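Novice: So here's upload01.pdb (PDB, C-alpha atoms).
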```pdb
ATOM      1  CA  MET H  23     -43.574  64.292 -25.218  1.00  0.00           C
ATOM      2  CA  ALA H  24     -44.212  63.383 -21.595  1.00  0.00           C
ATOM      3  CA  SER H  25     -44.331  59.755 -20.542  1.00  0.00           C
ATOM      4  CA  LEU H  26     -45.483  57.453 -17.780  1.00  0.00           C
ATOM      5  CA  LYS H  27     -43.880  54.135 -16.894  1.00  0.00           C
ATOM      6  CA  ARG H  28     -44.876  50.957 -15.152  1.00  0.00           C
ATOM      7  CA  LEU H  29     -43.692  47.358 -14.929  1.00  0.00           C
ATOM      8  CA  LYS H  30     -45.679  44.228 -15.678  1.00  0.00           C
ATOM      9  CA  LYS H  31     -44.218  40.864 -14.658  1.00  0.00           C
ATOM     10  CA  GLU H  32     -45.507  37.540 -15.908  1.00  0.00           C
ATOM     11  CA  GLN H  33     -44.317  35.837 -12.690  1.00  0.00           C
ATOM     12  CA  ASP H  34     -43.726  36.984  -9.117  1.00  0.00           C
ATOM     13  CA  ASN H  35     -40.116  35.897  -8.587  1.00  0.00           C
ATOM     14  CA  LEU H  36     -38.849  39.433  -9.157  1.00  0.00           C
ATOM     15  CA  LYS H  37     -41.429  41.071  -6.913  1.00  0.00           C
ATOM     16  CA  ASN H  38     -38.962  41.991  -4.183  1.00  0.00           C
ATOM     17  CA  SER H  39     -36.149  43.138  -6.455  1.00  0.00           C
ATOM     18  CA  LYS H  40     -35.337  46.724  -7.315  1.00  0.00           C
ATOM     19  CA  ILE H  41     -36.031  46.321 -11.003  1.00  0.00           C
ATOM     20  CA  LYS H  42     -38.016  49.535 -11.230  1.00  0.00           C
ATOM     21  CA  GLU H  43     -34.971  51.564 -10.165  1.00  0.00           C
ATOM     22  CA  LEU H  44     -33.171  50.359 -13.311  1.00  0.00           C
ATOM     23  CA  VAL H  45     -35.626  52.120 -15.616  1.00  0.00           C
ATOM     24  CA  ASP H  46     -34.178  55.404 -16.870  1.00  0.00           C
ATOM     25  CA  VAL H  47     -37.578  56.823 -17.894  1.00  0.00           C
ATOM     26  CA  ASP H  48     -39.434  58.994 -15.358  1.00  0.00           C
ATOM     27  CA  GLU H  49     -42.823  60.655 -15.462  1.00  0.00           C
ATOM     28  CA  GLY H  50     -42.569  64.012 -17.178  1.00  0.00           C
ATOM     29  CA  ASP H  51     -39.508  63.080 -19.267  1.00  0.00           C
ATOM     30  CA  TRP H  52     -39.386  63.620 -22.987  1.00  0.00           C
ATOM     31  CA  PHE H  53     -39.796  60.378 -24.893  1.00  0.00           C
ATOM     32  CA  SER H  54     -36.415  58.805 -25.722  1.00  0.00           C
ATOM     33  CA  SER H  55     -35.966  55.481 -27.475  1.00  0.00           C
ATOM     34  CA  LEU H  56     -32.321  55.450 -26.311  1.00  0.00           C
ATOM     35  CA  GLU H  57     -33.369  55.596 -22.642  1.00  0.00           C
ATOM     36  CA  ILE H  58     -35.850  52.773 -23.253  1.00  0.00           C
ATOM     37  CA  ASP H  59     -33.128  50.603 -24.844  1.00  0.00           C
ATOM     38  CA  ASN H  60     -30.773  51.346 -21.931  1.00  0.00           C
ATOM     39  CA  SER H  61     -33.500  50.394 -19.467  1.00  0.00           C
ATOM     40  CA  ILE H  62     -34.101  47.071 -21.238  1.00  0.00           C
ATOM     41  CA  LYS H  63     -30.373  46.275 -21.099  1.00  0.00           C
ATOM     42  CA  LYS H  64     -30.150  47.106 -17.388  1.00  0.00           C
ATOM     43  CA  ILE H  65     -33.180  44.949 -16.575  1.00  0.00           C
ATOM     44  CA  ALA H  66     -31.791  42.026 -18.590  1.00  0.00           C
ATOM     45  CA  ASP H  67     -28.383  42.308 -16.894  1.00  0.00           C
ATOM     46  CA  LYS H  68     -29.925  42.526 -13.413  1.00  0.00           C
ATOM     47  CA  THR H  69     -32.243  39.565 -13.889  1.00  0.00           C
ATOM     48  CA  SER H  70     -29.415  37.472 -15.357  1.00  0.00           C
ATOM     49  CA  GLN H  71     -27.485  38.032 -12.122  1.00  0.00           C
ATOM     50  CA  MET H  72     -30.441  36.427 -10.347  1.00  0.00           C
ATOM     51  CA  GLY H  73     -30.183  33.309 -12.496  1.00  0.00           C
ATOM     52  CA  PHE H  74     -32.744  34.114 -15.206  1.00  0.00           C
ATOM     53  CA  ALA H  75     -30.761  33.462 -18.365  1.00  0.00           C
ATOM     54  CA  PHE H  76     -33.446  34.131 -20.974  1.00  0.00           C
ATOM     55  CA  VAL H  77     -35.484  37.108 -19.803  1.00  0.00           C
ATOM     56  CA  ASP H  78     -37.684  38.826 -22.365  1.00  0.00           C
ATOM     57  CA  VAL H  79     -38.263  42.545 -21.737  1.00  0.00           C
ATOM     58  CA  SER H  80     -40.787  44.165 -24.069  1.00  0.00           C
ATOM     59  CA  PRO H  81     -41.732  47.857 -23.915  1.00  0.00           C
ATOM     60  CA  ARG H  82     -45.408  48.507 -24.718  1.00  0.00           C
ATOM     61  CA  ILE H  83     -46.085  52.103 -25.709  1.00  0.00           C
ATOM     62  CA  LYS H  84     -49.629  53.486 -25.558  1.00  0.00           C
ATOM     63  CA  LYS H  85     -50.477  57.024 -26.581  1.00  0.00           C
ATOM     64  CA  PHE H  86     -53.107  59.013 -24.723  1.00  0.00           C
ATOM     65  CA  GLY H  87     -53.973  62.699 -24.903  1.00  0.00           C
ATOM     66  CA  ASP H  88     -52.205  65.061 -27.256  1.00  0.00           C
ATOM     67  CA  ASN H  89     -48.610  64.700 -26.095  1.00  0.00           C
ATOM     68  CA  LYS H  90     -48.364  61.835 -23.637  1.00  0.00           C
ATOM     69  CA  VAL H  91     -47.542  58.150 -23.806  1.00  0.00           C
ATOM     70  CA  GLU H  92     -47.637  55.338 -21.285  1.00  0.00           C
ATOM     71  CA  ILE H  93     -44.729  52.880 -21.334  1.00  0.00           C
ATOM     72  CA  THR H  94     -45.198  49.415 -19.864  1.00  0.00           C
ATOM     73  CA  PHE H  95     -42.165  47.159 -19.527  1.00  0.00           C
ATOM     74  CA  GLU H  96     -43.412  43.585 -19.722  1.00  0.00           C
ATOM     75  CA  ILE H  97     -40.917  41.130 -18.197  1.00  0.00           C
ATOM     76  CA  GLN H  98     -41.174  37.443 -19.055  1.00  0.00           C
ATOM     77  CA  GLU H  99     -38.881  35.763 -16.547  1.00  0.00           C
ATOM     78  CA  GLY H 100     -38.713  32.244 -17.927  1.00  0.00           C
ATOM     79  CA  THR H 101     -37.116  29.497 -15.860  1.00  0.00           C
ATOM     80  CA  LYS H 102     -34.265  30.073 -13.453  1.00  0.00           C
ATOM     81  CA  ILE H 103     -31.206  28.333 -14.897  1.00  0.00           C
ATOM     82  CA  PHE H 104     -28.506  26.462 -12.995  1.00  0.00           C
ATOM     83  CA  ILE H 105     -25.163  25.370 -14.441  1.00  0.00           C
ATOM     84  CA  ASP H 106     -25.114  21.587 -14.695  1.00  0.00           C
ATOM     85  CA  ARG H 107     -21.816  21.071 -16.522  1.00  0.00           C
ATOM     86  CA  ILE H 108     -18.923  23.109 -17.906  1.00  0.00           C
ATOM     87  CA  ASN H 109     -17.359  21.901 -21.158  1.00  0.00           C
ATOM     88  CA  ILE H 110     -14.059  23.316 -22.416  1.00  0.00           C
ATOM     89  CA  SER H 111     -12.928  22.978 -26.035  1.00  0.00           C
ATOM     90  CA  GLY H 112     -10.265  24.371 -28.356  1.00  0.00           C
ATOM     91  CA  ASN H 113      -7.396  24.139 -25.848  1.00  0.00           C
ATOM     92  CA  ILE H 114      -5.067  21.784 -27.672  1.00  0.00           C
ATOM     93  CA  LYS H 115      -2.011  22.601 -25.541  1.00  0.00           C
ATOM     94  CA  THR H 116      -3.372  24.416 -22.488  1.00  0.00           C
ATOM     95  CA  ASN H 117      -4.583  22.353 -19.534  1.00  0.00           C
ATOM     96  CA  ASP H 118      -8.271  22.579 -18.604  1.00  0.00           C
ATOM     97  CA  SER H 119      -7.305  23.659 -15.088  1.00  0.00           C
ATOM     98  CA  ILE H 120      -5.767  26.865 -16.448  1.00  0.00           C
ATOM     99  CA  LEU H 121      -9.114  27.928 -17.868  1.00  0.00           C
ATOM    100  CA  ARG H 122     -11.208  26.706 -14.942  1.00  0.00           C
ATOM    101  CA  ARG H 123      -9.244  28.761 -12.437  1.00  0.00           C
ATOM    102  CA  GLU H 124     -10.183  31.909 -14.374  1.00  0.00           C
ATOM    103  CA  LEU H 125     -13.908  31.091 -14.343  1.00  0.00           C
ATOM    104  CA  ARG H 126     -15.997  32.995 -11.809  1.00  0.00           C
ATOM    105  CA  PHE H 127     -18.610  30.225 -11.628  1.00  0.00           C
ATOM    106  CA  VAL H 128     -18.721  26.472 -11.005  1.00  0.00           C
ATOM    107  CA  GLU H 129     -21.166  23.627 -11.569  1.00  0.00           C
ATOM    108  CA  GLY H 130     -24.289  24.140  -9.474  1.00  0.00           C
ATOM    109  CA  ASP H 131     -24.218  27.952  -9.587  1.00  0.00           C
ATOM    110  CA  ALA H 132     -27.164  29.930 -10.919  1.00  0.00           C
ATOM    111  CA  TYR H 133     -26.555  31.467 -14.329  1.00  0.00           C
ATOM    112  CA  ASN H 134     -25.079  34.953 -13.980  1.00  0.00           C
ATOM    113  CA  LEU H 135     -24.307  37.005 -17.083  1.00  0.00           C
ATOM    114  CA  SER H 136     -21.941  39.372 -15.278  1.00  0.00           C
ATOM    115  CA  LYS H 137     -19.844  36.412 -14.076  1.00  0.00           C
ATOM    116  CA  ILE H 138     -19.827  35.005 -17.621  1.00  0.00           C
ATOM    117  CA  LYS H 139     -18.446  38.273 -18.984  1.00  0.00           C
ATOM    118  CA  GLU H 140     -15.909  38.555 -16.171  1.00  0.00           C
ATOM    119  CA  SER H 141     -14.730  35.003 -16.875  1.00  0.00           C
ATOM    120  CA  GLU H 142     -14.245  35.816 -20.564  1.00  0.00           C
ATOM    121  CA  ARG H 143     -12.240  38.905 -19.635  1.00  0.00           C
ATOM    122  CA  ARG H 144     -10.006  36.955 -17.238  1.00  0.00           C
ATOM    123  CA  ILE H 145      -9.300  34.168 -19.755  1.00  0.00           C
ATOM    124  CA  LYS H 146      -8.388  36.724 -22.419  1.00  0.00           C
ATOM    125  CA  GLY H 147      -6.136  38.418 -19.860  1.00  0.00           C
ATOM    126  CA  THR H 148      -3.884  35.354 -19.680  1.00  0.00           C
ATOM    127  CA  GLY H 149      -2.522  36.391 -23.080  1.00  0.00           C
ATOM    128  CA  ILE H 150      -2.421  32.862 -24.480  1.00  0.00           C
ATOM    129  CA  PHE H 151      -5.716  32.847 -26.399  1.00  0.00           C
ATOM    130  CA  ASP H 152      -6.741  34.623 -29.587  1.00  0.00           C
ATOM    131  CA  ASN H 153     -10.449  34.195 -28.961  1.00  0.00           C
ATOM    132  CA  VAL H 154     -12.696  33.250 -26.034  1.00  0.00           C
ATOM    133  CA  GLU H 155     -16.430  32.594 -26.157  1.00  0.00           C
ATOM    134  CA  ILE H 156     -18.655  31.319 -23.352  1.00  0.00           C
ATOM    135  CA  LYS H 157     -22.109  30.122 -24.402  1.00  0.00           C
ATOM    136  CA  LEU H 158     -25.089  28.633 -22.604  1.00  0.00           C
ATOM    137  CA  ASP H 159     -26.664  25.445 -23.964  1.00  0.00           C
ATOM    138  CA  GLU H 160     -30.038  25.185 -22.209  1.00  0.00           C
ATOM    139  CA  SER H 161     -31.846  21.867 -21.918  1.00  0.00           C
ATOM    140  CA  SER H 162     -35.433  22.040 -23.132  1.00  0.00           C
ATOM    141  CA  ASP H 163     -36.857  19.857 -20.369  1.00  0.00           C
ATOM    142  CA  SER H 164     -35.133  21.091 -17.230  1.00  0.00           C
ATOM    143  CA  ASN H 165     -33.787  24.154 -15.455  1.00  0.00           C
ATOM    144  CA  LYS H 166     -30.199  22.946 -15.865  1.00  0.00           C
ATOM    145  CA  ALA H 167     -27.861  23.998 -18.637  1.00  0.00           C
ATOM    146  CA  THR H 168     -24.394  23.259 -19.954  1.00  0.00           C
ATOM    147  CA  VAL H 169     -21.889  26.076 -20.323  1.00  0.00           C
ATOM    148  CA  GLU H 170     -19.611  25.761 -23.353  1.00  0.00           C
ATOM    149  CA  VAL H 171     -16.234  27.474 -23.012  1.00  0.00           C
ATOM    150  CA  GLU H 172     -14.680  27.699 -26.474  1.00  0.00           C
ATOM    151  CA  VAL H 173     -11.167  29.066 -26.930  1.00  0.00           C
ATOM    152  CA  LYS H 174      -8.649  29.479 -29.716  1.00  0.00           C
ATOM    153  CA  GLU H 175      -5.031  29.307 -28.678  1.00  0.00           C
ATOM    154  CA  LYS H 176      -2.414  31.680 -30.032  1.00  0.00           C
ATOM    155  CA  ALA H 177       1.228  30.979 -30.753  1.00  0.00           C
ATOM    156  CA  THR H 178       3.048  31.495 -27.452  1.00  0.00           C
ATOM    157  CA  GLY H 179       6.646  30.758 -28.506  1.00  0.00           C
ATOM    158  CA  GLN H 180       8.909  33.587 -29.649  1.00  0.00           C
ATOM    159  CA  PHE H 181      12.390  33.550 -31.162  1.00  0.00           C
ATOM    160  CA  SER H 182      14.391  36.656 -31.932  1.00  0.00           C
ATOM    161  CA  VAL H 183      17.870  37.475 -33.226  1.00  0.00           C
ATOM    162  CA  GLY H 184      19.489  40.876 -33.252  1.00  0.00           C
ATOM    163  CA  GLY H 185      22.793  42.600 -33.885  1.00  0.00           C
ATOM    164  CA  GLY H 186      24.393  46.019 -33.785  1.00  0.00           C
ATOM    165  CA  PHE H 187      27.395  48.085 -32.761  1.00  0.00           C
ATOM    166  CA  SER H 188      28.088  49.930 -29.525  1.00  0.00           C
ATOM    167  CA  SER H 189      30.886  52.430 -28.880  1.00  0.00           C
ATOM    168  CA  LEU H 190      31.262  50.840 -25.443  1.00  0.00           C
ATOM    169  CA  ASP H 191      31.053  47.118 -26.252  1.00  0.00           C
ATOM    170  CA  GLY H 192      31.854  47.030 -29.951  1.00  0.00           C
ATOM    171  CA  ALA H 193      29.958  44.597 -32.176  1.00  0.00           C
ATOM    172  CA  ILE H 194      26.854  43.163 -30.459  1.00  0.00           C
ATOM    173  CA  GLY H 195      24.773  40.059 -31.162  1.00  0.00           C
ATOM    174  CA  ASN H 196      21.857  38.647 -29.191  1.00  0.00           C
ATOM    175  CA  VAL H 197      19.480  35.713 -29.346  1.00  0.00           C
ATOM    176  CA  SER H 198      16.401  35.135 -27.194  1.00  0.00           C
ATOM    177  CA  ILE H 199      13.810  32.379 -26.863  1.00  0.00           C
ATOM    178  CA  ARG H 200      10.539  32.844 -24.979  1.00  0.00           C
ATOM    179  CA  GLU H 201       7.631  30.534 -24.174  1.00  0.00           C
ATOM    180  CA  SER H 202       4.519  31.987 -22.480  1.00  0.00           C
ATOM    181  CA  ASN H 203       2.632  28.718 -21.994  1.00  0.00           C
ATOM    182  CA  LEU H 204       5.231  26.288 -20.674  1.00  0.00           C
ATOM    183  CA  PHE H 205       3.853  22.720 -20.450  1.00  0.00           C
ATOM    184  CA  GLY H 206       0.361  24.140 -21.064  1.00  0.00           C
ATOM    185  CA  GLU H 207       0.333  25.745 -17.594  1.00  0.00           C
ATOM    186  CA  ALA H 208       0.546  29.452 -18.620  1.00  0.00           C
ATOM    187  CA  LYS H 209       4.004  29.712 -17.092  1.00  0.00           C
ATOM    188  CA  GLU H 210       6.614  31.854 -18.809  1.00  0.00           C
ATOM    189  CA  VAL H 211      10.288  31.097 -19.405  1.00  0.00           C
ATOM    190  CA  THR H 212      12.838  33.184 -21.320  1.00  0.00           C
ATOM    191  CA  LEU H 213      16.433  32.452 -22.291  1.00  0.00           C
ATOM    192  CA  ALA H 214      18.509  35.341 -23.642  1.00  0.00           C
ATOM    193  CA  LEU H 215      22.098  35.221 -24.883  1.00  0.00           C
ATOM    194  CA  GLY H 216      24.178  38.290 -25.639  1.00  0.00           C
ATOM    195  CA  VAL H 217      27.691  38.454 -27.080  1.00  0.00           C
ATOM    196  CA  SER H 218      29.855  41.460 -27.873  1.00  0.00           C
ATOM    197  CA  THR H 219      33.511  42.264 -28.282  1.00  0.00           C
ATOM    198  CA  ARG H 220      33.946  43.070 -24.593  1.00  0.00           C
ATOM    199  CA  LYS H 221      30.988  41.363 -22.901  1.00  0.00           C
ATOM    200  CA  GLN H 222      29.147  38.034 -22.819  1.00  0.00           C
ATOM    201  CA  GLU H 223      25.943  37.451 -20.891  1.00  0.00           C
ATOM    202  CA  ILE H 224      23.252  34.826 -20.412  1.00  0.00           C
ATOM    203  CA  ASP H 225      19.897  35.359 -18.666  1.00  0.00           C
ATOM    204  CA  LEU H 226      17.320  32.732 -17.755  1.00  0.00           C
ATOM    205  CA  SER H 227      14.002  33.905 -16.285  1.00  0.00           C
ATOM    206  CA  TYR H 228      10.931  31.998 -15.106  1.00  0.00           C
ATOM    207  CA  THR H 229       7.538  33.347 -13.990  1.00  0.00           C
ATOM    208  CA  ASN H 230       4.595  31.505 -12.428  1.00  0.00           C
ATOM    209  CA  PRO H 231       1.428  33.673 -12.590  1.00  0.00           C
ATOM    210  CA  TYR H 232      -0.311  31.526  -9.933  1.00  0.00           C
ATOM    211  CA  PHE H 233       2.334  30.901  -7.307  1.00  0.00           C
ATOM    212  CA  LEU H 234       1.158  28.290  -4.734  1.00  0.00           C
ATOM    213  CA  ASP H 235      -2.190  28.244  -6.594  1.00  0.00           C
ATOM    214  CA  LYS H 236      -2.908  31.816  -5.516  1.00  0.00           C
ATOM    215  CA  ASP H 237      -3.550  34.871  -7.684  1.00  0.00           C
ATOM    216  CA  VAL H 238       0.010  36.057  -7.100  1.00  0.00           C
ATOM    217  CA  ALA H 239       2.820  36.005  -9.662  1.00  0.00           C
ATOM    218  CA  ALA H 240       6.330  34.953  -8.643  1.00  0.00           C
ATOM    219  CA  GLY H 241       9.480  34.428 -10.639  1.00  0.00           C
ATOM    220  CA  ILE H 242      13.223  33.989 -10.607  1.00  0.00           C
ATOM    221  CA  ASP H 243      16.074  35.235 -12.794  1.00  0.00           C
ATOM    222  CA  LEU H 244      19.453  33.544 -13.180  1.00  0.00           C
ATOM    223  CA  PHE H 245      22.115  35.470 -15.039  1.00  0.00           C
ATOM    224  CA  ASN H 246      25.825  35.432 -15.728  1.00  0.00           C
ATOM    225  CA  VAL H 247      27.716  38.396 -17.142  1.00  0.00           C
ATOM    226  CA  ARG H 248      31.388  38.506 -18.138  1.00  0.00           C
ATOM    227  CA  ARG H 249      32.848  41.915 -18.833  1.00  0.00           C
ATOM    228  CA  ASN H 250      36.541  42.705 -19.215  1.00  0.00           C
ATOM    229  CA  ASN H 251      37.428  39.277 -17.809  1.00  0.00           C
ATOM    230  CA  LYS H 252      35.277  39.858 -14.705  1.00  0.00           C
ATOM    231  CA  ARG H 253      32.270  37.696 -13.902  1.00  0.00           C
ATOM    232  CA  TYR H 254      29.012  38.942 -12.312  1.00  0.00           C
TER     233      TYR H 254
END
```
Represent the structure from my file as structure tokens, please.

Specialist:
Amino acid sequence: MASLKRLKKEQDNLKNSKIKELVDVDEGDWFSSLEIDNSIKKIADKTSQMGFAFVDVSPRIKKFGDNKVEITFEIQEGTKIFIDRINISGNIKTNDSILRRELRFVEGDAYNLSKIKESERRIKGTGIFDNVEIKLDESSDSNKATVEVEVKEKATGQFSVGGGFSSLDGAIGNVSIRESNLFGEAKEVTLALGVSTRKQEIDLSYTNPYFLDKDVAAGIDLFNVRRNNKRY
């Protein structure tokens, strides 16, 4: 079934944007509800990048002739939303600054869904949270909104003990302790001890994922190994 498409905007703020290019339906195409749904998602994502947090996109389908329909995408822009405040909750141990440095937006920015999703991905990537959710709490009487960043911390301390036998070193035992969120600053420290019949070793490592407050990881390892009465 062939189709025609057009856009109808309730306001003119999107007049100069390339919204029409986001619509997957072209004249002469067979009717596809999947392509219509994809078009709605693309329009919503694009308009959210422009600060319109609650855009309503409604496809109106009108049949004419024997095998043709006309599709009108009605876009209700709503009010452009700006971030007034960012609240962080659920971080019992982790400092607020650790989460804020992963956010791709700050107070005063226009709402941007793609930056919200990117911020969620970056916070999850720290490896110290089980769950991350960023929600928008819009005020009913203004164009400002509060962003709620809700997290659930995971256990970041690890303790392990092992043992075995090696033909080279004889009986082997090892103990290690690891903390991935030292002092609530997402820094990692590990202490490992190893003892065998012919060798003893100790290894202390420390990693700062934001060295000098830059997105660069740096670390140091201190170790001492004794083997056959020789020290390394």

Novice: Decode the PyMOL selection byres ((chain H and resi 127-130) around 12) for the given file into explicit residues and return them as JSON, numbers by chain.

Specialist: {"H": [71, 73, 103, 104, 105, 106, 107, 108, 109, 121, 122, 123, 124, 125, 126, 131, 132, 133, 134, 135, 136, 137, 138, 139, 140, 141, 142, 156, 165, 166, 167, 168, 169, 171]}

Novice: Translate the PyMOL selection byres ((chain H and resi 173) around 10) into a concrete residue list for this structure, as an NGL selection string.

Specialist: :H and (110-114 or 121 or 142 or 145-146 or 150-156 or 170-172 or 174-176)

Novice: Region 118-162 of chain H near region 211-233 of chain H within 12 Å: what's each residue's closest atom pair and its distance in Å to one decimal, counting only C-alpha atoms, ordered by chain then ascending residue number, as JSON lines?

Specialist:
```
{"residue": "H:Ser119", "atom": "CA", "partner": "H:Tyr232", "partner_atom": "CA", "distance": 11.7}
{"residue": "H:Ile120", "atom": "CA", "partner": "H:Tyr232", "partner_atom": "CA", "distance": 9.7}
{"residue": "H:Arg123", "atom": "CA", "partner": "H:Tyr232", "partner_atom": "CA", "distance": 9.7}
{"residue": "H:Glu124", "atom": "CA", "partner": "H:Tyr232", "partner_atom": "CA", "distance": 10.8}
{"residue": "H:Gly147", "atom": "CA", "partner": "H:Pro231", "partner_atom": "CA", "distance": 11.5}
{"residue": "H:Thr148", "atom": "CA", "partner": "H:Pro231", "partner_atom": "CA", "distance": 9.0}
{"residue": "H:Gly149", "atom": "CA", "partner": "H:Pro231", "partner_atom": "CA", "distance": 11.5}
```

Novice: I need the residue nearest Lys102 (chain H) from this list: H:Tyr254, H:Thr116, H:Leu190, H:Met72. Use all atoms listed in the file for the distance.

Specialist: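 Looking only at the distances to Lys102 (chain H), the closest residue turns out to be H:Met72.
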
Novice: Which of these residues is nearest to Ile62 (chain H), using only C-alpha atoms: H:Phe95, H:Phe245, H:Phe187, H:Phe86?

Specialist: H:Phe95

Novice: Apply the PyMOL selection byres ((chain H and resi 59) around 12) to the displayed file and report the matching residues as an NGL selection string.

Specialist: :H and (44-47 or 53-58 or 60-66 or 79-81 or 95)

Novice: Rank H:Val183, H:Lys42, H:Glu99, H:Asp48 by their smallest atom-to-atom distance to Asn196 (chain H), using only C-alpha atoms, and report the top residue only.

Specialist: H:Val183

Novice: Could you tell me how far CA of Lys209 (chain H) sits from CA of Ala239 (chain H), in Å to one decimal place?

Specialist: 9.8 Å

Novice: Separation of CA of Arg200 (chain H) and CA of Ala177 (chain H), in Å?

Specialist: 11.1 Å

Novice: Would you compute the distance between CA of Ser164 (chain H) and CA of Asp118 (chain H)? Give it in Å to one decimal.

Specialist: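 Between CA of Ser164 (chain H) and CA of Asp118 (chain H) the gap works out to 26.9 Å.
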
Novice: Check the smallest atom-to-atom distance from each of H:Phe181, H:Arg144, H:Gly50, H:Gly192 to Asp237 (chain H) using all atoms listed in the file, then report the winner.

Specialist: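 Looking only at the distances to Asp237 (chain H), the closest residue turns out to be H:Arg144.
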
Novice: So which one's closest to Phe205 (chain H), H:Ile242, H:Arg253, H:Thr178, H:Lys157? Using all atoms listed in the file, please.

Specialist: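 Nearest to Phe205 (chain H): H:Thr178.
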
Novice: Kindly indicate which residue among H:Asp78, H:Asp67, H:Asp191, H:Asp235 lies nearest to Gln98 (chain H), using all atoms listed in the file for the distances.

Specialist: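 Of all the options, H:Asp78 lies closest to Gln98 (chain H).
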